$ cat structure-v8.txt   # compact mmCIF, C-alpha atoms
# COMPACT_ATOMS: atom_id res chain seq x y z
CA MET A 1 30.28 39.48 -24.58
CA PHE A 2 28.93 37.53 -21.65
CA ASN A 3 30.72 35.23 -19.25
CA ILE A 4 29.86 31.99 -17.49
CA GLU A 5 27.93 32.51 -14.21
CA GLU A 6 26.74 35.92 -15.39
CA ASN A 7 23.05 36.80 -14.91
CA VAL A 8 21.30 37.90 -18.10
CA VAL A 9 17.86 38.79 -19.39
CA TYR A 10 16.52 36.95 -22.40
CA PRO A 11 13.50 38.95 -23.67
CA MET A 12 10.14 37.14 -23.43
CA HIS A 13 11.80 34.19 -21.72
CA GLY A 14 13.06 35.72 -18.52
CA VAL A 15 16.08 36.07 -16.33
CA GLY A 16 18.75 33.41 -16.40
CA LYS A 17 22.36 32.56 -15.81
CA ILE A 18 24.94 31.67 -18.42
CA VAL A 19 26.07 28.19 -17.45
CA GLU A 20 28.19 27.36 -20.48
CA ILE A 21 29.74 28.78 -23.62
CA ALA A 22 30.35 26.00 -26.11
CA THR A 23 30.61 25.20 -29.79
CA LYS A 24 27.69 23.04 -30.89
CA THR A 25 26.00 21.67 -33.98
CA ILE A 26 22.27 22.27 -33.63
CA LEU A 27 19.72 21.00 -36.17
CA GLY A 28 22.52 19.95 -38.50
CA LYS A 29 23.77 23.52 -38.93
CA LYS A 30 27.50 24.18 -38.99
CA LYS A 31 29.22 24.44 -35.65
CA LYS A 32 28.60 27.70 -33.86
CA LYS A 33 29.39 29.11 -30.47
CA TYR A 34 26.38 29.24 -28.13
CA TYR A 35 25.62 30.64 -24.72
CA THR A 36 23.74 28.09 -22.64
CA VAL A 37 21.33 30.12 -20.50
CA GLU A 38 19.50 28.41 -17.65
CA LEU A 39 16.31 30.33 -16.98
CA ILE A 40 15.72 30.94 -13.29
CA ASN A 41 11.96 30.35 -13.21
CA THR A 42 11.78 27.12 -15.17
CA LYS A 43 15.34 25.75 -15.02
CA MET A 44 14.92 25.34 -18.78
CA ARG A 45 18.10 25.72 -20.80
CA VAL A 46 18.18 27.74 -23.99
CA TYR A 47 20.99 28.05 -26.49
CA VAL A 48 21.66 31.54 -27.78
CA PRO A 49 24.12 31.95 -30.68
CA VAL A 50 27.00 34.15 -29.49
CA GLU A 51 27.13 36.00 -32.82
CA THR A 52 23.48 37.11 -32.62
CA ALA A 53 23.01 37.39 -28.85
CA GLU A 54 22.83 41.18 -28.82
CA THR A 55 20.52 41.29 -31.86
CA ILE A 56 18.18 38.83 -30.13
CA GLY A 57 18.21 41.16 -27.14
CA LEU A 58 20.22 39.17 -24.61
CA ARG A 59 21.48 41.70 -22.10
CA HIS A 60 22.94 42.10 -18.63
CA ILE A 61 20.51 42.64 -15.77
CA VAL A 62 20.03 46.25 -14.77
CA ASP A 63 22.40 47.83 -12.31
CA LYS A 64 21.07 48.32 -8.79
CA LYS A 65 21.43 52.09 -9.31
CA GLN A 66 18.73 51.97 -12.02
CA ILE A 67 16.05 50.54 -9.70
CA PRO A 68 14.87 53.98 -8.43
CA LYS A 69 14.27 55.05 -12.06
CA ILE A 70 12.23 51.89 -12.65
CA THR A 71 10.21 52.37 -9.47
CA LYS A 72 9.50 55.96 -10.50
CA LEU A 73 8.28 54.71 -13.87
CA LEU A 74 5.97 52.23 -12.12
CA GLN A 75 4.52 55.08 -10.03
CA GLU A 76 3.71 57.31 -13.00
CA GLU A 77 0.14 57.79 -14.11
CA TYR A 78 -1.49 55.19 -16.29
CA VAL A 79 -1.10 56.09 -19.95
CA GLU A 80 -4.37 55.51 -21.80
CA GLN A 81 -3.67 53.18 -24.65
CA GLU A 82 -5.43 52.00 -27.76
CA GLU A 83 -9.04 51.03 -27.03
CA ASP A 84 -8.93 47.89 -29.23
CA TRP A 85 -7.41 45.22 -26.99
CA LYS A 86 -5.83 43.36 -29.95
CA ILE A 87 -3.83 46.42 -31.00
CA ARG A 88 -3.00 47.21 -27.37
CA TYR A 89 -1.85 43.61 -26.90
CA GLN A 90 0.43 43.77 -29.97
CA ASN A 91 1.92 47.08 -28.82
CA ASN A 92 2.58 45.73 -25.32
CA LEU A 93 4.00 42.49 -26.69
CA ALA A 94 6.44 44.48 -28.85
CA LYS A 95 7.55 46.42 -25.76
CA ILE A 96 8.24 43.21 -23.84
CA LYS A 97 10.08 41.69 -26.80
CA SER A 98 12.30 44.78 -26.92
CA GLY A 99 13.97 43.52 -23.76
CA SER A 100 14.05 46.97 -22.20
CA ILE A 101 13.33 46.90 -18.47
CA ASN A 102 11.74 50.35 -18.84
CA ALA A 103 9.37 49.09 -21.55
CA VAL A 104 8.49 46.04 -19.43
CA ALA A 105 7.83 48.34 -16.46
CA GLU A 106 5.49 50.46 -18.61
CA VAL A 107 3.54 47.39 -19.72
CA CYS A 108 3.35 46.17 -16.14
CA ARG A 109 2.11 49.53 -14.86
CA ASN A 110 -0.37 50.17 -17.67
CA LEU A 111 -1.97 46.72 -17.58
CA TYR A 112 -2.12 46.69 -13.77
CA LYS A 113 -3.82 50.07 -13.65
CA ARG A 114 -6.11 49.26 -16.58
CA ALA A 115 -7.22 46.07 -14.80
CA ARG A 116 -8.40 48.21 -11.87
CA ASP A 117 -10.86 50.03 -14.15
CA LYS A 118 -11.72 47.40 -16.75
CA GLU A 119 -11.35 43.67 -17.03
CA LEU A 120 -8.38 42.53 -19.08
CA SER A 121 -8.75 39.97 -21.82
CA VAL A 122 -7.24 36.55 -21.07
CA MET A 123 -4.30 37.27 -23.36
CA GLU A 124 -3.64 40.65 -21.75
CA ARG A 125 -3.80 39.09 -18.30
CA LYS A 126 -1.16 36.54 -19.37
CA LEU A 127 0.94 39.34 -20.83
CA TYR A 128 0.68 41.24 -17.53
CA GLU A 129 1.74 38.13 -15.60
CA SER A 130 4.70 37.70 -17.93
CA ALA A 131 5.77 41.36 -17.57
CA TYR A 132 5.32 41.19 -13.79
CA SER A 133 7.41 38.02 -13.56
CA LEU A 134 10.17 39.56 -15.69
CA MET A 135 10.16 42.64 -13.46
CA ILE A 136 10.31 40.88 -10.12
CA ASN A 137 13.00 38.42 -11.18
CA GLU A 138 15.25 41.11 -12.57
CA VAL A 139 14.71 43.47 -9.64
CA ALA A 140 15.41 40.61 -7.19
CA LEU A 141 18.74 39.85 -8.84
CA ALA A 142 19.71 43.51 -9.25
CA LYS A 143 18.97 44.33 -5.62
CA GLY A 144 20.20 41.00 -4.21
CA ILE A 145 16.83 40.28 -2.57
CA SER A 146 14.42 37.35 -2.72
CA VAL A 147 11.85 37.11 -5.49
CA GLU A 148 9.16 37.32 -2.81
CA ASP A 149 10.59 40.60 -1.47
CA ALA A 150 10.84 41.98 -5.00
CA SER A 151 7.24 40.94 -5.67
CA ASN A 152 6.06 42.68 -2.49
CA MET A 153 8.01 45.81 -3.43
CA ILE A 154 6.59 45.96 -6.99
CA SER A 155 3.04 45.18 -5.77
CA ASP A 156 3.25 47.96 -3.18
CA ILE A 157 4.42 50.45 -5.79
CA LEU A 158 1.72 49.49 -8.30
CA SER A 159 -1.09 49.57 -5.77
CA LYS A 160 -0.46 53.21 -4.74
$ encode --input "structure-v8.txt" --output "structure tokens"
Amino acid sequence: MFNIEENVVYPMHGVGKIVEIATKTILGKKKKKYYTVELINTKMRVYVPVETAETIGLRHIVDKKQIPKITKLLQEEYVEQEEDWKIRYQNNLAKIKSGSINAVAEVCRNLYKRARDKELSVMERKLYESAYSLMINEVALAKGISVEDASNMISDILSK
């Protein structure tokens, strides 16, 4: 269960804040309870059914204590992936959709380090940008720092 004003992660969409919990009729369906999540990056509001929120992957942001584990994961060696970019893309997309910060960190690390050796396809570059954005926004909230500071921190870790 989530509460109003709580920061959450909505996989593939980003980090947001629950601004309302209300019963609504959407697209003529029977009334259901929804979390209204305002996404930080876009200020877009999404409605997530309360009864399926966990199944969809809505989760709390990571605890500040987990950040060292994530930074360690970002520092690990690049894991050579599938050579076919389409399969690699699908595998990475599935990791991001999982909602796991660890999986997102892996995608971020692997695509960043792969881009140093080989050019990424346009779709992979967009996937990297999405993973990177998810990472910096969640780390910023977890650590209570600005997005810019989180971006600098993640960039420094990846570039080592």
$ closest_residue --input "structure-v8.txt" --among "A:Val104, A:Val9, A:Ala115, A:Ile40" --to "Gly57 (chain A)" --atoms "only C-alpha atoms"
A:Val9
$ closest_residue --input "structure-v8.txt" --among "A:Asn3, A:Thr71, A:Gln66, A:Ser146" --to "Arg109 (chain A)" --atoms "all atoms listed in the file"
A:Thr71
$ residues_around --input "structure-v8.txt" --residues "Lys113 (chain A)" --least-positions-apart "2" --cutoff "9 Å" --atoms "only C-alpha atoms" --output "MDAnalysis selection string"
chainID A and resid 77:78 108:111 115:118 158:159
$ atom_distance --input "structure-v8.txt" --atom1 "CA of Lys72 (chain A)" --atom2 "CA of Ser155 (chain A)"
13.4 Å
$ residues_around --input "structure-v8.txt" --residues "Lys86 (chain A)" --least-positions-apart "2" --cutoff "12 Å" --atoms "only C-alpha atoms" --output "PyMOL selection string"
chain A and resi 81-84+88-93+120-124
$ atom_distance --input "structure-v8.txt" --atom1 "CA of Lys126 (chain A)" --atom2 "CA of Val62 (chain A)"
23.8 Å
$ atom_distance --input "structure-v8.txt" --atom1 "CA of Thr25 (chain A)" --atom2 "CA of Val48 (chain A)"
12.4 Å
$ residues_around --input "structure-v8.txt" --residues "Lys17 (chain A)" --least-positions-apart "2" --cutoff "8 Å" --atoms "all atoms listed in the file" --output "PyMOL selection string"
chain A and resi 4-8+15+19+37-40
$ write_last_selection --input "structure-v8.txt" --atoms "C-alpha atoms" --output "tab-separated table (two decimals), in the frame of the given file"
chain	number	residue	atom	x	y	z
A	4	ILE	CA	29.86	31.99	-17.49
A	5	GLU	CA	27.93	32.51	-14.21
A	6	GLU	CA	26.74	35.92	-15.39
A	7	ASN	CA	23.05	36.80	-14.91
A	8	VAL	CA	21.30	37.90	-18.10
A	15	VAL	CA	16.08	36.07	-16.33
A	19	VAL	CA	26.07	28.19	-17.45
A	37	VAL	CA	21.33	30.12	-20.50
A	38	GLU	CA	19.50	28.41	-17.65
A	39	LEU	CA	16.31	30.33	-16.98
A	40	ILE	CA	15.72	30.94	-13.29
$ closest_residue --input "structure-v8.txt" --among "A:Glu76, A:Asp156, A:Glu138, A:Glu54" --to "Gly16 (chain A)" --atoms "all atoms listed in the file"
A:Glu138
$ closest_residue --input "structure-v8.txt" --among "A:Met44, A:Val50, A:Ile101, A:Ile18" --to "Ile70 (chain A)" --atoms "all atoms listed in the file"
A:Ile101
$ closest_residue --input "structure-v8.txt" --among "A:Ile61, A:Leu141, A:Leu27, A:Ala150" --to "Pro11 (chain A)" --atoms "only C-alpha atoms"
A:Ile61
$ closest_residue --input "structure-v8.txt" --among "A:Val107, A:Ser98, A:Trp85, A:Ile67" --to "Lys143 (chain A)" --atoms "only C-alpha atoms"
A:Ile67
$ axis_aligned_box --input "structure-v8.txt" --around "region 95-107 of chain A" --padding-each-side "6 Å" --output "AutoDock Vina command-line options"
--center_x 8.8 --center_y 46.1 --center_z -21.7 --size_x 22.5 --size_y 20.8 --size_z 22.5
